[in-house]
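Listing of data30.cif, mmCIF, C-alpha atoms
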```
data_coords
#
loop_
_atom_site.label_atom_id
_atom_site.label_comp_id
_atom_site.auth_asym_id
_atom_site.auth_seq_id
_atom_site.Cartn_x
_atom_site.Cartn_y
_atom_site.Cartn_z
CA MET A 1 18.87 -9.45 -19.09
CA SER A 2 16.41 -10.44 -16.37
CA VAL A 3 15.18 -8.00 -13.72
CA GLU A 4 14.39 -9.28 -10.25
CA HIS A 5 10.94 -8.43 -8.94
CA PRO A 6 9.99 -7.98 -5.27
CA GLY A 7 8.03 -10.56 -3.33
CA LEU A 8 4.91 -8.39 -3.38
CA PHE A 9 4.87 -8.58 -7.18
CA TRP A 10 4.80 -12.38 -7.18
CA PHE A 11 2.25 -12.48 -4.39
CA THR A 12 -0.08 -10.16 -6.30
CA ALA A 13 0.54 -11.96 -9.59
CA THR A 14 -0.38 -15.31 -8.03
CA LEU A 15 -3.62 -13.94 -6.59
CA ALA A 16 -4.48 -12.33 -9.93
CA ALA A 17 -3.80 -15.60 -11.75
CA TYR A 18 -6.10 -17.42 -9.34
CA VAL A 19 -8.91 -14.89 -9.81
CA VAL A 20 -8.61 -15.17 -13.58
CA SER A 21 -8.60 -18.96 -13.30
CA ARG A 22 -11.77 -18.94 -11.20
CA ILE A 23 -13.54 -16.77 -13.76
CA VAL A 24 -12.44 -18.96 -16.67
CA HIS A 25 -13.43 -22.15 -14.84
CA HIS A 26 -16.83 -20.68 -13.96
CA TYR A 27 -17.69 -20.42 -17.66
CA THR A 28 -15.95 -23.54 -18.99
CA LYS A 29 -16.48 -26.10 -16.19
CA SER A 30 -13.60 -28.18 -17.54
CA PHE A 31 -10.95 -29.93 -15.47
CA LEU A 32 -8.39 -28.42 -17.84
CA THR A 33 -9.34 -24.98 -16.51
CA SER A 34 -9.39 -26.02 -12.88
CA PRO A 35 -8.05 -23.11 -10.78
CA LEU A 36 -5.42 -25.40 -9.27
CA LEU A 37 -4.08 -26.27 -12.72
CA LEU A 38 -4.64 -23.02 -14.58
CA THR A 39 -3.12 -20.89 -11.84
CA CYS A 40 0.05 -22.99 -11.94
CA VAL A 41 0.21 -22.71 -15.73
CA LEU A 42 -0.23 -18.93 -15.67
CA CYS A 43 2.39 -18.46 -12.95
CA LEU A 44 4.80 -20.75 -14.78
CA ALA A 45 4.29 -18.81 -18.00
CA LEU A 46 4.94 -15.55 -16.14
CA THR A 47 8.15 -16.77 -14.52
CA VAL A 48 9.44 -18.12 -17.83
CA GLY A 49 8.50 -14.91 -19.64
CA LEU A 50 10.29 -12.78 -17.06
CA HIS A 51 13.25 -15.20 -16.80
CA ALA A 52 12.66 -15.52 -13.07
CA SER A 53 13.93 -18.39 -10.95
CA TYR A 54 11.87 -20.44 -8.55
CA ARG A 55 13.76 -18.89 -5.64
CA GLU A 56 12.73 -15.42 -6.82
CA TYR A 57 9.09 -16.46 -7.18
CA MET A 58 9.01 -17.91 -3.67
CA ARG A 59 9.84 -14.52 -2.18
CA GLY A 60 6.16 -13.81 -2.58
CA GLY A 61 4.87 -17.35 -2.92
CA GLN A 62 6.02 -18.26 0.57
CA TRP A 63 3.38 -15.91 2.03
CA LEU A 64 0.68 -18.01 0.42
CA LEU A 65 2.44 -21.19 1.49
CA LEU A 66 2.07 -20.13 5.12
CA LEU A 67 -1.72 -20.09 4.68
CA LEU A 68 -1.91 -23.81 3.87
CA GLY A 69 -2.07 -24.76 7.53
CA PRO A 70 -4.95 -22.42 8.45
CA ALA A 71 -6.76 -23.37 5.24
CA THR A 72 -6.66 -27.03 6.26
CA VAL A 73 -7.90 -26.22 9.77
CA ALA A 74 -10.82 -24.30 8.25
CA PHE A 75 -12.28 -27.62 7.06
CA ALA A 76 -13.23 -28.20 10.69
CA LEU A 77 -16.32 -25.97 10.29
CA PRO A 78 -18.35 -28.22 7.95
CA ILE A 79 -17.16 -31.22 9.95
CA TYR A 80 -18.58 -29.67 13.13
CA GLU A 81 -21.84 -28.80 11.44
CA HIS A 82 -22.36 -32.46 10.43
CA ARG A 83 -20.83 -34.03 13.54
CA ALA A 84 -23.90 -36.22 14.14
CA LEU A 85 -23.46 -37.96 10.78
CA LEU A 86 -19.73 -38.40 11.33
CA ARG A 87 -20.19 -39.68 14.89
CA ARG A 88 -22.60 -42.30 13.63
CA TYR A 89 -20.28 -43.68 10.94
CA TRP A 90 -16.84 -43.13 12.46
CA PRO A 91 -15.83 -46.85 12.51
CA THR A 92 -16.53 -47.11 8.79
CA LEU A 93 -14.63 -43.90 8.08
CA VAL A 94 -11.58 -44.95 10.11
CA LEU A 95 -11.50 -48.34 8.37
CA GLY A 96 -11.88 -46.71 4.97
CA VAL A 97 -9.13 -44.18 5.64
CA GLY A 98 -6.78 -46.91 6.82
CA PHE A 99 -7.38 -48.95 3.68
CA GLY A 100 -7.12 -45.85 1.47
CA CYS A 101 -3.80 -44.81 3.01
CA ALA A 102 -2.37 -48.31 2.63
CA LEU A 103 -3.47 -48.41 -0.99
CA ALA A 104 -2.09 -44.93 -1.72
CA PHE A 105 1.29 -45.59 -0.12
CA GLY A 106 1.58 -49.13 -1.45
CA GLY A 107 0.59 -48.29 -5.02
CA THR A 108 2.92 -45.31 -5.20
CA TRP A 109 5.80 -47.26 -3.66
CA LEU A 110 5.34 -50.13 -6.13
CA LEU A 111 5.09 -47.86 -9.17
CA SER A 112 8.12 -45.82 -8.06
CA GLY A 113 10.11 -49.03 -7.74
CA LEU A 114 9.04 -50.25 -11.17
CA LEU A 115 10.09 -46.91 -12.69
CA ASP A 116 13.39 -47.07 -10.76
CA LEU A 117 13.00 -43.52 -9.46
CA PRO A 118 15.83 -42.03 -7.37
CA ARG A 119 15.37 -42.21 -3.60
CA ASP A 120 14.65 -38.50 -3.08
CA VAL A 121 12.11 -38.46 -5.92
CA ARG A 122 10.43 -41.62 -4.62
CA LEU A 123 10.07 -40.13 -1.14
CA SER A 124 8.67 -36.93 -2.63
CA VAL A 125 6.05 -38.74 -4.70
CA LEU A 126 5.02 -41.07 -1.86
CA PRO A 127 2.64 -38.63 -0.06
CA ARG A 128 0.92 -37.51 -3.30
CA SER A 129 -2.50 -38.69 -2.06
CA PHE A 130 -2.49 -36.44 1.00
CA THR A 131 -3.26 -32.75 1.27
CA THR A 132 -0.39 -30.32 0.66
CA PRO A 133 0.59 -29.27 4.23
CA PHE A 134 0.88 -32.88 5.38
CA ALA A 135 2.59 -34.03 2.18
CA MET A 136 5.23 -31.29 2.32
CA ALA A 137 5.95 -31.98 5.99
CA PHE A 138 6.20 -35.70 5.26
CA ALA A 139 8.61 -35.17 2.36
CA LYS A 140 10.79 -32.90 4.47
CA ASP A 141 10.92 -35.39 7.36
CA VAL A 142 11.88 -38.40 5.21
CA GLY A 143 14.46 -36.67 3.04
CA GLY A 144 12.38 -35.86 -0.02
CA ALA A 145 11.72 -32.53 -1.75
CA PRO A 146 8.68 -30.69 -0.28
CA ASP A 147 8.19 -28.59 -3.42
CA LEU A 148 8.08 -31.67 -5.63
CA ALA A 149 5.66 -33.29 -3.20
CA ALA A 150 3.37 -30.26 -3.53
CA VAL A 151 3.40 -30.57 -7.34
CA CYS A 152 2.49 -34.26 -7.11
CA VAL A 153 -0.33 -33.45 -4.68
CA ILE A 154 -1.77 -30.83 -7.05
CA ALA A 155 -1.62 -33.21 -10.01
CA THR A 156 -3.27 -35.99 -8.00
CA GLY A 157 -5.97 -33.65 -6.73
CA ILE A 158 -6.90 -32.34 -10.16
CA LEU A 159 -7.03 -35.79 -11.75
CA GLY A 160 -8.77 -37.30 -8.74
CA ALA A 161 -11.48 -34.65 -8.60
CA SER A 162 -12.08 -34.88 -12.35
CA LEU A 163 -12.12 -38.68 -12.54
CA GLY A 164 -14.06 -38.87 -9.29
CA GLY A 165 -16.87 -36.80 -10.77
CA MET A 166 -17.00 -39.17 -13.73
CA LEU A 167 -16.99 -42.25 -11.49
CA LEU A 168 -19.91 -40.92 -9.47
CA LYS A 169 -21.99 -41.04 -12.65
CA VAL A 170 -21.14 -44.72 -13.14
CA LEU A 171 -20.78 -46.25 -9.68
CA PRO A 172 -23.95 -46.92 -7.64
CA LEU A 173 -22.91 -44.70 -4.71
CA ARG A 174 -26.17 -43.28 -3.41
CA CYS A 175 -25.24 -42.21 0.14
CA ALA A 176 -23.39 -39.02 1.03
CA LEU A 177 -20.89 -40.98 3.14
CA ALA A 178 -19.62 -43.06 0.21
CA ARG A 179 -19.47 -40.17 -2.26
CA GLY A 180 -17.69 -37.83 0.15
CA ALA A 181 -15.22 -40.45 1.36
CA MET A 182 -14.22 -41.39 -2.19
CA LEU A 183 -13.50 -37.79 -3.16
CA GLY A 184 -11.79 -36.88 0.11
CA MET A 185 -9.45 -39.88 0.01
CA GLY A 186 -8.80 -39.85 -3.71
CA ALA A 187 -8.39 -36.13 -4.35
CA HIS A 188 -7.84 -34.43 -0.92
CA GLY A 189 -8.42 -30.65 -1.12
CA ALA A 190 -9.64 -30.62 -4.71
CA GLY A 191 -11.88 -33.56 -3.87
CA VAL A 192 -13.37 -31.68 -0.91
CA ALA A 193 -14.17 -28.74 -3.17
CA ARG A 194 -15.80 -31.10 -5.67
CA ALA A 195 -17.74 -32.83 -2.91
CA ARG A 196 -19.04 -29.50 -1.61
CA GLU A 197 -20.47 -28.86 -5.06
CA ILE A 198 -22.45 -32.08 -4.74
CA GLY A 199 -23.77 -31.47 -1.23
CA ASP A 200 -22.96 -30.24 2.28
CA GLU A 201 -22.86 -33.74 3.77
CA GLU A 202 -20.53 -34.98 1.04
CA GLY A 203 -18.28 -32.00 1.68
CA ALA A 204 -18.18 -32.62 5.43
CA VAL A 205 -17.32 -36.30 5.01
CA ALA A 206 -14.69 -35.52 2.38
CA GLY A 207 -13.08 -32.94 4.66
CA LEU A 208 -12.93 -35.36 7.58
CA VAL A 209 -11.48 -38.14 5.44
CA MET A 210 -8.88 -35.75 4.01
CA ILE A 211 -7.78 -34.64 7.47
CA LEU A 212 -7.68 -38.18 8.88
CA ALA A 213 -5.62 -39.29 5.90
CA GLY A 214 -3.25 -36.36 6.40
CA VAL A 215 -2.75 -37.19 10.08
CA THR A 216 -2.10 -40.81 9.16
CA CYS A 217 0.46 -39.64 6.60
CA ALA A 218 2.21 -37.53 9.27
CA LEU A 219 2.31 -40.43 11.72
CA LEU A 220 3.80 -42.76 9.10
CA GLY A 221 6.58 -40.30 8.24
CA PRO A 222 9.05 -41.35 10.99
CA ALA A 223 8.51 -45.04 10.22
CA VAL A 224 9.21 -44.49 6.52
CA ALA A 225 12.30 -42.39 7.32
CA LEU A 226 13.61 -45.17 9.60
CA PHE A 227 12.95 -47.81 6.95
CA GLU A 228 14.76 -45.77 4.28
CA SER A 229 17.77 -44.90 6.44
#
```
Translate this structure into structure tokens?
Amino acid sequence: MSVEHPGLFWFTATLAAYVVSRIVHHYTKSFLTSPLLLTCVLCLALTVGLHASYREYMRGGQWLLLLLGPATVAFALPIYEHRALLRRYWPTLVLGVGFGCALAFGGTWLLSGLLDLPRDVRLSVLPRSFTTPFAMAFAKDVGGAPDLAAVCVIATGILGASLGGMLLKVLPLRCALARGAMLGMGAHGAGVARAREIGDEEGAVAGLVMILAGVTCALLGPAVALFES
């Protein structure tokens, strides 16, 4: 027989899982122990062990969900600090973001069609290359499932940040602009965190690219909803 737990329990449990994940990742430095991934695994194991439903978990999880917006806005600080660099290369960044968004949407749309995914699943997966607040809003506006969109975003971010780090060792990307833009477009929030580990300029560029891509995603939402209706 399952016992329902209050929202404060799930809120505290999620924070504890994240702290544990950060400690583990600090010593292992593996993408398998990334806090984004390990925290989800620990929370999932806890909900399964306690026979709790997703609705019960979100009684506390929704408090953290509300912080996604302010967390995204906080990326404005490193962008402001390196505004001279961004002002100098803004045409290149805008062009790169436009191409990256087209590639992300187009590739996901094509793969979803080849896999014959249901309409609601396809619309939920579509914004996977954009940071969570924008992706969830997009999915909600076009008739998808915001929660599923968030899961796809997390998976994309973890893989993108991990593979992006490997690609930087192979590709001849020597300037901060190229390295930051690749991680910001390919792995959004997780990519920004990875870029900040490389350098402040990379982190600033990655944050700007992530935000520009998110805004583009939000602007494309109504057009996609009209096309799918």
Show me, as a list of chain:residue names, the residues that have an atom within 9 Å of Thr47 (chain A) when counting all atoms listed in the file, minus same-chain residues fewer than 6 positions from it.
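Neighbouring residues, sequence-local ones excluded: A:Ser53, A:Tyr54, A:Tyr57.
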Fewer than 2 positions away in the same chain doesn't count, so skip those; otherwise give me all residues within 9 Å of Thr156 (chain A), counting all atoms listed in the file, as a list in words.
Arg128, Ser129, Val151, Cys152, Val153, Ile154, Ile158, Leu159, Gly160, Ala161, Gly186, Ala187, His188 and Ala190 of chain A
Given 4 Å of margin on each side, can you work out the centre and size in Å (one decimal) of an axis-aligned box holding every listed atom of region 59-72 of chain A, as lines of an AutoDock Vina configuration file?
```
center_x = 1.5
center_y = -20.4
center_z = 2.8
size_x = 24.6
size_y = 21.2
size_z = 19.4
```
When the PyMOL selection byres ((chain A and resi 145) around 8) is applied to the file above, which residues end up in the set, as a short mmCIF file (atom, residue, chain, number, x, y, z; two decimals) with C-alpha atoms, in the frame of the given file?
```cif
data_model
loop_
_atom_site.label_atom_id
_atom_site.label_comp_id
_atom_site.auth_asym_id
_atom_site.auth_seq_id
_atom_site.Cartn_x
_atom_site.Cartn_y
_atom_site.Cartn_z
CA ASP A 120 14.65 -38.50 -3.08
CA VAL A 121 12.11 -38.46 -5.92
CA LEU A 123 10.07 -40.13 -1.14
CA SER A 124 8.67 -36.93 -2.63
CA MET A 136 5.23 -31.29 2.32
CA ALA A 139 8.61 -35.17 2.36
CA LYS A 140 10.79 -32.90 4.47
CA GLY A 143 14.46 -36.67 3.04
CA GLY A 144 12.38 -35.86 -0.02
CA PRO A 146 8.68 -30.69 -0.28
CA ASP A 147 8.19 -28.59 -3.42
CA LEU A 148 8.08 -31.67 -5.63
CA ALA A 149 5.66 -33.29 -3.20
#
```
Please write as a VMD selection string the full residue list that the PyMOL selection byres ((chain A and resi 11) around 10) yields on this file.
chain A and resid 6 to 10 12 to 16 57 to 64
Kindly indicate which residue among A:Phe105, A:Pro78, A:Leu37, A:Lys29 lies nearest to Gly199 (chain A), using all atoms listed in the file for the distances.
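Selected residue with least distance to Gly199 (chain A): A:Pro78.
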Quick check, in Å to one decimal: how far apart do CA of Thr132 (chain A) and CA of Ala150 (chain A) lie?
5.6 Å
One-decimal distance in Å that lies between CA of Met185 (chain A) and CA of Leu111 (chain A)
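So the two atoms, CA of Leu111 (chain A) and CA of Met185 (chain A), lie 19.0 Å apart.
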For region 82-97 of chain A, find every residue with an atom within 9 Å (counting all atoms listed in the file), except residues of its own chain fewer than 3 positions away, and show them as a PyMOL selection string.
chain A and resi 77-79+100-102+177+181+185+200-201+204-205+208-210+212-213+216
List the neighbours of Val192 (chain A) out to 6 Å using only C-alpha atoms; skip same-chain residues closer than 5 positions along the sequence, and give me the result as a PDB file with C-alpha atoms, in the coordinates of the input.
```
ATOM      1  CA  GLY A 184     -11.790 -36.880   0.110  1.00  0.00           C
ATOM      2  CA  GLY A 203     -18.280 -32.000   1.680  1.00  0.00           C
ATOM      3  CA  ALA A 206     -14.690 -35.520   2.380  1.00  0.00           C
ATOM      4  CA  GLY A 207     -13.080 -32.940   4.660  1.00  0.00           C
TER       5      GLY A 207
END
```
By how many Å are CA of Val125 (chain A) and CA of Leu36 (chain A) apart?
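Rounded to one decimal, the two atoms are 18.2 Å apart.
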Got a sec to resolve the PyMOL selection byres ((chain A and resi 22) around 9) on this structure and send the residues as JSON, numbers by chain?
{"A": [17, 18, 19, 20, 21, 23, 24, 25, 26, 27, 33, 34, 35, 38, 39]}
Got a sec: who's within 7 Å of Phe134 (chain A), counting all atoms listed in the file, leaving out chain neighbours fewer than 2 positions off, as a PyMOL selection string?
chain A and resi 130-132+136-138+214+217-218
Kindly write region 137-150 of chain A with all heavy atoms to a file, as a PDB file, in the first residue's frame.
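Contents of part.pdb, freshly written:
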```pdb
ATOM      1  N   ALA A 137       6.958  25.558 -23.294  1.00  0.00           N
ATOM      2  CA  ALA A 137       5.954  26.509 -23.773  1.00  0.00           C
ATOM      3  C   ALA A 137       5.563  26.209 -25.214  1.00  0.00           C
ATOM      4  O   ALA A 137       4.380  26.269 -25.578  1.00  0.00           O
ATOM      5  CB  ALA A 137       6.485  27.933 -23.652  1.00  0.00           C
ATOM      6  N   PHE A 138       6.548  25.857 -26.027  1.00  0.00           N
ATOM      7  CA  PHE A 138       6.289  25.511 -27.421  1.00  0.00           C
ATOM      8  C   PHE A 138       5.371  24.292 -27.508  1.00  0.00           C
ATOM      9  O   PHE A 138       4.377  24.288 -28.239  1.00  0.00           O
ATOM     10  CB  PHE A 138       7.610  25.226 -28.127  1.00  0.00           C
ATOM     11  CG  PHE A 138       7.468  24.768 -29.552  1.00  0.00           C
ATOM     12  CD1 PHE A 138       7.507  25.677 -30.592  1.00  0.00           C
ATOM     13  CD2 PHE A 138       7.296  23.420 -29.860  1.00  0.00           C
ATOM     14  CE1 PHE A 138       7.385  25.252 -31.913  1.00  0.00           C
ATOM     15  CE2 PHE A 138       7.164  22.987 -31.156  1.00  0.00           C
ATOM     16  CZ  PHE A 138       7.211  23.910 -32.195  1.00  0.00           C
ATOM     17  N   ALA A 139       5.718  23.242 -26.757  1.00  0.00           N
ATOM     18  CA  ALA A 139       4.924  22.014 -26.795  1.00  0.00           C
ATOM     19  C   ALA A 139       3.481  22.265 -26.355  1.00  0.00           C
ATOM     20  O   ALA A 139       2.540  21.722 -26.928  1.00  0.00           O
ATOM     21  CB  ALA A 139       5.566  20.953 -25.909  1.00  0.00           C
ATOM     22  N   LYS A 140       3.321  23.099 -25.349  1.00  0.00           N
ATOM     23  CA  LYS A 140       1.974  23.416 -24.863  1.00  0.00           C
ATOM     24  C   LYS A 140       1.177  24.179 -25.909  1.00  0.00           C
ATOM     25  O   LYS A 140      -0.015  23.915 -26.113  1.00  0.00           O
ATOM     26  CB  LYS A 140       2.073  24.235 -23.581  1.00  0.00           C
ATOM     27  CG  LYS A 140       0.725  24.561 -22.954  1.00  0.00           C
ATOM     28  CD  LYS A 140       0.905  25.334 -21.657  1.00  0.00           C
ATOM     29  CE  LYS A 140      -0.444  25.665 -21.025  1.00  0.00           C
ATOM     30  NZ  LYS A 140      -0.273  26.429 -19.757  1.00  0.00           N
ATOM     31  N   ASP A 141       1.826  25.104 -26.612  1.00  0.00           N
ATOM     32  CA  ASP A 141       1.127  25.931 -27.596  1.00  0.00           C
ATOM     33  C   ASP A 141       0.699  25.142 -28.824  1.00  0.00           C
ATOM     34  O   ASP A 141      -0.335  25.439 -29.420  1.00  0.00           O
ATOM     35  CB  ASP A 141       2.027  27.096 -28.033  1.00  0.00           C
ATOM     36  CG  ASP A 141       2.203  28.132 -26.935  1.00  0.00           C
ATOM     37  OD1 ASP A 141       1.383  28.142 -25.983  1.00  0.00           O
ATOM     38  OD2 ASP A 141       3.171  28.926 -27.014  1.00  0.00           O
ATOM     39  N   VAL A 142       1.492  24.140 -29.209  1.00  0.00           N
ATOM     40  CA  VAL A 142       1.197  23.413 -30.455  1.00  0.00           C
ATOM     41  C   VAL A 142       0.427  22.117 -30.230  1.00  0.00           C
ATOM     42  O   VAL A 142       0.141  21.393 -31.178  1.00  0.00           O
ATOM     43  CB  VAL A 142       2.500  23.106 -31.228  1.00  0.00           C
ATOM     44  CG1 VAL A 142       3.242  24.388 -31.559  1.00  0.00           C
ATOM     45  CG2 VAL A 142       3.398  22.154 -30.437  1.00  0.00           C
ATOM     46  N   GLY A 143       0.114  21.802 -28.977  1.00  0.00           N
ATOM     47  CA  GLY A 143      -0.676  20.607 -28.709  1.00  0.00           C
ATOM     48  C   GLY A 143       0.129  19.387 -28.328  1.00  0.00           C
ATOM     49  O   GLY A 143      -0.387  18.265 -28.352  1.00  0.00           O
ATOM     50  N   GLY A 144       1.397  19.587 -27.964  1.00  0.00           N
ATOM     51  CA  GLY A 144       2.217  18.473 -27.513  1.00  0.00           C
ATOM     52  C   GLY A 144       2.152  18.310 -26.002  1.00  0.00           C
ATOM     53  O   GLY A 144       1.301  18.895 -25.336  1.00  0.00           O
ATOM     54  N   ALA A 145       3.048  17.517 -25.451  1.00  0.00           N
ATOM     55  CA  ALA A 145       3.109  17.274 -24.003  1.00  0.00           C
ATOM     56  C   ALA A 145       4.342  17.975 -23.444  1.00  0.00           C
ATOM     57  O   ALA A 145       5.472  17.555 -23.731  1.00  0.00           O
ATOM     58  CB  ALA A 145       3.168  15.776 -23.713  1.00  0.00           C
ATOM     59  N   PRO A 146       4.166  19.047 -22.654  1.00  0.00           N
ATOM     60  CA  PRO A 146       5.317  19.785 -22.115  1.00  0.00           C
ATOM     61  C   PRO A 146       6.272  18.915 -21.309  1.00  0.00           C
ATOM     62  O   PRO A 146       7.492  19.094 -21.389  1.00  0.00           O
ATOM     63  CB  PRO A 146       4.651  20.853 -21.236  1.00  0.00           C
ATOM     64  CG  PRO A 146       3.297  21.041 -21.833  1.00  0.00           C
ATOM     65  CD  PRO A 146       2.888  19.686 -22.316  1.00  0.00           C
ATOM     66  N   ASP A 147       5.763  17.976 -20.530  1.00  0.00           N
ATOM     67  CA  ASP A 147       6.625  17.121 -19.718  1.00  0.00           C
ATOM     68  C   ASP A 147       7.516  16.242 -20.589  1.00  0.00           C
ATOM     69  O   ASP A 147       8.699  16.046 -20.297  1.00  0.00           O
ATOM     70  CB  ASP A 147       5.789  16.250 -18.786  1.00  0.00           C
ATOM     71  CG  ASP A 147       5.008  17.083 -17.778  1.00  0.00           C
ATOM     72  OD1 ASP A 147       5.444  18.213 -17.505  1.00  0.00           O
ATOM     73  OD2 ASP A 147       3.969  16.614 -17.286  1.00  0.00           O
ATOM     74  N   LEU A 148       6.943  15.707 -21.659  1.00  0.00           N
ATOM     75  CA  LEU A 148       7.723  14.891 -22.583  1.00  0.00           C
ATOM     76  C   LEU A 148       8.770  15.744 -23.294  1.00  0.00           C
ATOM     77  O   LEU A 148       9.902  15.301 -23.525  1.00  0.00           O
ATOM     78  CB  LEU A 148       6.813  14.213 -23.608  1.00  0.00           C
ATOM     79  CG  LEU A 148       7.499  13.340 -24.668  1.00  0.00           C
ATOM     80  CD1 LEU A 148       8.330  12.251 -24.021  1.00  0.00           C
ATOM     81  CD2 LEU A 148       6.451  12.745 -25.616  1.00  0.00           C
ATOM     82  N   ALA A 149       8.399  16.966 -23.622  1.00  0.00           N
ATOM     83  CA  ALA A 149       9.351  17.883 -24.247  1.00  0.00           C
ATOM     84  C   ALA A 149      10.541  18.136 -23.329  1.00  0.00           C
ATOM     85  O   ALA A 149      11.691  18.182 -23.784  1.00  0.00           O
ATOM     86  CB  ALA A 149       8.659  19.200 -24.604  1.00  0.00           C
ATOM     87  N   ALA A 150      10.266  18.284 -22.030  1.00  0.00           N
ATOM     88  CA  ALA A 150      11.344  18.520 -21.067  1.00  0.00           C
ATOM     89  C   ALA A 150      12.298  17.324 -21.009  1.00  0.00           C
ATOM     90  O   ALA A 150      13.519  17.493 -20.936  1.00  0.00           O
ATOM     91  CB  ALA A 150      10.760  18.792 -19.683  1.00  0.00           C
TER      92      ALA A 150
END
```
